[in-house]
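Working notes, beginning with the structure itself.
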Protein chains: 2
Amino acid sequence: MSRENIEALLITHLPDVRYLCGFTGSNAALAVTLRKAVLFTDGRYTAQAHEETQAARVRITEPLQTVTGEACALLEKSVSKKIRCYYDPGHTTVSALAVMRGALSTGRRRGFFSPLKQPILSELRMVKDSDELDRIGAAAALGNRLFQAILPHVEACVPEAEIAASLEFFARSMGAEAMSFETIVASGPRSSFPHGRATARKTPRNGFVTLDFGVILKGYCSDMTRTVCIGKPGRAERTAYDAVLEAQRAAVAAVRPGVTCGEVDEAARSVLQKAGLDEYFTHSTGHGVGLEIHEPPRIAREQKQELKPGMVVTIEPGVYVPGRFGIRIEDMVAVTDRGAKVLTPVTKALIEL
Amino acid sequence: MSRENIEALLITHLPDVRYLCGFTGSNAALAVTLRKAVLFTDGRYTAQAHEETQAARVRITEPLQTVTGEACALLEKSVSKKIRCYYDPGHTTVSALAVMRGALSTGRRRGFFSPLKQPILSELRMVKDSDELDRIGAAAALGNRLFQAILPHVEACVPEAEIAASLEFFARSMGAEAMSFETIVASGPRSSFPHGRATARKTPRNGFVTLDFGVILKGYCSDMTRTVCIGKPGRAERTAYDAVLEAQRAAVAAVRPGVTCGEVDEAARSVLQKAGLDEYFTHSTGHGVGLEIHEPPRIAREQKQELKPGMVVTIEPGVYVPGRFGIRIEDMVAVTDRGAKVLTPVTKALIEL
């Protein structure tokens, strides 16, 4: 805050609150000045807030809607006149800003709140410390074990939802706090839907099954995808699989400090271009992962953000031929001083079941 | 829109998009004028958008971040000068509003966008039509069956997470698309955390276990809570359970068209007050349920919103004695012409396991 010349800051985005003070409840506002930090939450979380919160005092407010307003009122009282209070415009709705302003004394409503010019919380959170890397590594390792555990259950003529159910049961049994997003089990022609949730539809006798899943462990997310084949793939399917795998490896190989996210994306995209498949690669190559399943940086076209040691990103190119088949292969990768460490080292060779 | 004198409307909150046109993808903006509706999404959803979307044309934009901007540009072109376009300030961030304005031609940036004065989408969605009531009823019925299925697995010395894992496995196996929120299994002293997620902690040999869970079926959420007891409850626990149950029944009995949400809340609260337990009832009595797990109306102190036939709300008073025990009993209730229909009619008498 000193470096950015910020004397007062309001944090309401829950993963940011958790990142800064450890509180995990679903209703919170964190008021931070250069001298103090106060967490506001409601009566449902009295015990939990005192147990979890570090480096901030806890105040319980009632009713629960007043949490943000009370934080604003405290900030107003805590700083001298002419000081501005910053907030995150990317996580503050127009209505919330009106509530924030409404909590101030009349004379101060204009000009007290100012949007952060830099997403400083995102920038802090993008580079993980060693404790975070340990947690993410543990979550990713659990993902690896889950993939091994689910493979025997991926068979022909099984409802996708049943495979998802087993996978999620194993996840919980192995200690996951929750899934980090809705499990994707997309089989046969449905594998051409990049975001095909598991449905009651049965897996085909012959064709791809894309499994995209992640867990939450100690608050941190994992994310990985493998595409396996029931029976033998046809020639077009095999060619496309090999191209996606080559693209994925090329992007992983491109990861190192100083390289831009756009360059990593291009590494994957250019392989698919040479294979004549780039028109079927309809999304970006990856995203950051941490307390949230999708965080900065974005590994996408023309992104100028440079990779730094401590960042954790997914590398997940795919090819989706509408109505026919789809393939996606995804690893989680930690940026290290020298390059990339793959956190999900389970085999990427095509598994035929 | 005609009634509210709105000629152009931008919808970006995904449950609202789904409500209006059926599209379920994770990136969308819906541009609506009096003459047409156009859904914007990105290339990941090309096939899905054409399959799902009703009453709107589909346009695919690249890259995926341009979805909202393209919708704004179309709205600008579609209406005559001096017409305002409305947006939902409760679901539009300050940053998103800047993006929306940035997508307009320079001369139009000031004054084109105006926040909706009434939450018209919430108001529409609060009152469910018969198709929605069928879906919600089916989701709630699945919740009932789940409770019956999980009971044999609630035993002493079992990790809470294992009970949650079984419950979620049964849910998926019975056809749930997903859980509607993170399953709560809070046992022993942890039952005094109203929002205690399932942990690795084992259930006690003697004490309460609160199970709060819900499923999603055809997009609609269910939500129910029962508190059961492993072994026999102590006298204080028994007294508190009876009081919560009486409070819950009183609130359900208070539900009928024309009654305010505050009056329903008061019906529960006054029972707990007479029992000397109201200080331990640290949250509101309930909330609306539909495409989202928490929707308007709020069944809370002093809420003036009147109940109307077709609304679906939870009734879930609780008592939480810090460090000792907690109890919550929750039903989903549909408001009918005559009163309330309980959608989760599984027994509320104290089950001793």
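Lettering and numbering for the structure tokens are positional, with chains as A, B, ... in the shown order, residues counted from 1 in each chain, and ligands counted from 1 in the shown order.
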Pull the closest atom pair for each residue of chain A that gets at most 9 Å from chain B, along with the distance in Å to one decimal, counting only C-alpha atoms, ordering rows by chain and then ascending residue number, as a tab-separated table.
residue	atom	partner	partner_atom	distance
A:Gly25	CA	B:His195	CA	8.0
A:Ser26	CA	B:His195	CA	8.8
A:Asp42	CA	B:Thr282	CA	8.3
A:Gly43	CA	B:Thr282	CA	5.3
A:Arg44	CA	B:Thr282	CA	5.7
A:Tyr45	CA	B:Phe193	CA	7.1
A:Thr46	CA	B:Phe193	CA	8.6
A:Ala47	CA	B:Pro322	CA	7.0
A:Gln48	CA	B:Phe193	CA	7.2
A:Glu62	CA	B:Thr282	CA	8.8
A:Pro63	CA	B:His283	CA	8.1
A:Leu64	CA	B:His283	CA	7.9
A:Asp88	CA	B:Val94	CA	8.6
A:Pro89	CA	B:Val94	CA	4.9
A:Gly90	CA	B:Ser95	CA	5.0
A:His91	CA	B:Thr93	CA	6.1
A:Thr92	CA	B:Thr93	CA	5.1
A:Thr93	CA	B:Thr93	CA	3.7
A:Val94	CA	B:Pro89	CA	4.9
A:Ser95	CA	B:Gly90	CA	5.0
A:Ala96	CA	B:Gly90	CA	7.2
A:Leu97	CA	B:Val94	CA	8.1
A:Pro115	CA	B:Val94	CA	8.4
A:Ala161	CA	B:Arg172	CA	6.4
A:Glu162	CA	B:Ser173	CA	6.1
A:Ala164	CA	B:Arg172	CA	7.8
A:Ala165	CA	B:Phe169	CA	5.2
A:Ser166	CA	B:Phe169	CA	6.8
A:Glu168	CA	B:Phe169	CA	7.2
A:Phe169	CA	B:Ala165	CA	5.2
A:Phe170	CA	B:Ala165	CA	8.0
A:Ala171	CA	B:Ala165	CA	8.2
A:Arg172	CA	B:Ala165	CA	5.3
A:Ser173	CA	B:Glu162	CA	6.0
A:Gly175	CA	B:Ala200	CA	7.2
A:Ala176	CA	B:Ala161	CA	8.5
A:Glu177	CA	B:Thr199	CA	7.1
A:Ala178	CA	B:Glu182	CA	7.2
A:Glu182	CA	B:Ala178	CA	7.2
A:Thr183	CA	B:Ala178	CA	8.9
A:Ser192	CA	B:Ala47	CA	8.7
A:Phe193	CA	B:Arg44	CA	6.9
A:Pro194	CA	B:Arg44	CA	5.7
A:His195	CA	B:Arg44	CA	7.2
A:Gly196	CA	B:Gln48	CA	8.9
A:Arg197	CA	B:Glu177	CA	8.3
A:Ala198	CA	B:Glu177	CA	7.6
A:Thr199	CA	B:Glu177	CA	7.2
A:Ala200	CA	B:Gly175	CA	7.3
A:Phe281	CA	B:Arg44	CA	8.9
A:Thr282	CA	B:Gly43	CA	5.4
A:His283	CA	B:Arg44	CA	6.4
A:Ser284	CA	B:Pro63	CA	8.6
A:Arg301	CA	B:Pro63	CA	8.7
A:Tyr320	CA	B:Arg44	CA	8.7
A:Pro322	CA	B:Ala47	CA	7.1
A:Gly323	CA	B:Ala47	CA	8.2
DSSP strand (DSSP E) selection over stretch 3-118 of chain B, as number ranges by chain
B: 8-11, 29-33, 37-42, 57-61, 85-87, 113-115
Excluding B:Ser130 and any residue of its chain fewer than 3 positions from it, enumerate the residues within 12 Å of it, using only C-alpha atoms, and give them as an mmCIF file with C-alpha atoms, in the first residue's frame.
data_model
loop_
_atom_site.group_PDB
_atom_site.id
_atom_site.type_symbol
_atom_site.label_atom_id
_atom_site.label_comp_id
_atom_site.auth_asym_id
_atom_site.auth_seq_id
_atom_site.Cartn_x
_atom_site.Cartn_y
_atom_site.Cartn_z
ATOM 1 C CA VAL B 127 -42.736 -15.765 -8.903
ATOM 2 C CA LEU B 133 -42.549 -25.182 -9.871
ATOM 3 C CA ASP B 134 -42.433 -28.677 -11.376
ATOM 4 C CA ARG B 135 -38.661 -28.528 -11.663
ATOM 5 C CA ILE B 136 -38.195 -27.145 -8.166
ATOM 6 C CA GLY B 137 -40.599 -29.757 -6.804
ATOM 7 C CA PRO B 309 -48.462 -17.412 -4.996
ATOM 8 C CA GLY B 310 -45.626 -19.029 -6.954
ATOM 9 C CA MET B 311 -42.811 -17.883 -4.709
ATOM 10 C CA VAL B 312 -40.583 -20.608 -3.316
ATOM 11 C CA ALA B 334 -44.023 -22.981 -2.159
ATOM 12 C CA THR B 336 -49.935 -21.205 -2.879
#
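The residue set within 7 Å of B:Gly214, counting only C-alpha atoms and dropping same-chain residues fewer than 4 places from it, reads B:Gly143, B:Met179, B:Ser180, B:Phe181, B:Cys221, B:Ser222, B:Asp223, B:Met224.
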May I have the residues from that selection written out with C-alpha atoms, as a PDB file, in the first residue's frame?
ATOM      1  CA  GLY B 143     -33.497 -33.971  -1.680  1.00  0.00           C
ATOM      2  CA  MET B 179     -24.997 -29.969  -5.724  1.00  0.00           C
ATOM      3  CA  SER B 180     -26.581 -26.539  -5.361  1.00  0.00           C
ATOM      4  CA  PHE B 181     -23.996 -25.499  -2.738  1.00  0.00           C
ATOM      5  CA  CYS B 221     -31.967 -25.810  -6.915  1.00  0.00           C
ATOM      6  CA  SER B 222     -33.183 -27.600  -3.844  1.00  0.00           C
ATOM      7  CA  ASP B 223     -32.166 -26.800  -0.265  1.00  0.00           C
ATOM      8  CA  MET B 224     -33.024 -28.596   2.959  1.00  0.00           C
TER       9      MET B 224
END
Long-range neighbours of A:Val17 as a VMD selection string, 10 Å cut-off, only C-alpha atoms, 2 positions minimum in chain
chain A and resid 10 to 15 19 to 25 27 to 31 39 53 121
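For the pair atom CA of B:Leu217 and atom CA of B:Pro297, the separation is 21.3 Å.
From atom CA of B:Glu352 back to atom CA of B:Cys157, the distance works out to 15.4 Å.
The gap separating atom CA of A:Arg59 from atom CA of A:Arg3 is 27.9 Å, in Å to one decimal.
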Mind the document's chain letters and residue numbers, and return as number ranges by chain the residues of stretch 11-105 of chain B that DSSP labels helix (DSSP H, G or I).
B: 14-21, 43-52, 64-78, 89-91, 94-102
Excluding A:Glu279 and any residue of its chain fewer than 3 positions from it, enumerate the residues within 10 Å of it, using only C-alpha atoms, and give them as a PyMOL selection string.
chain A and resi 269+272-273+276+282+319-321
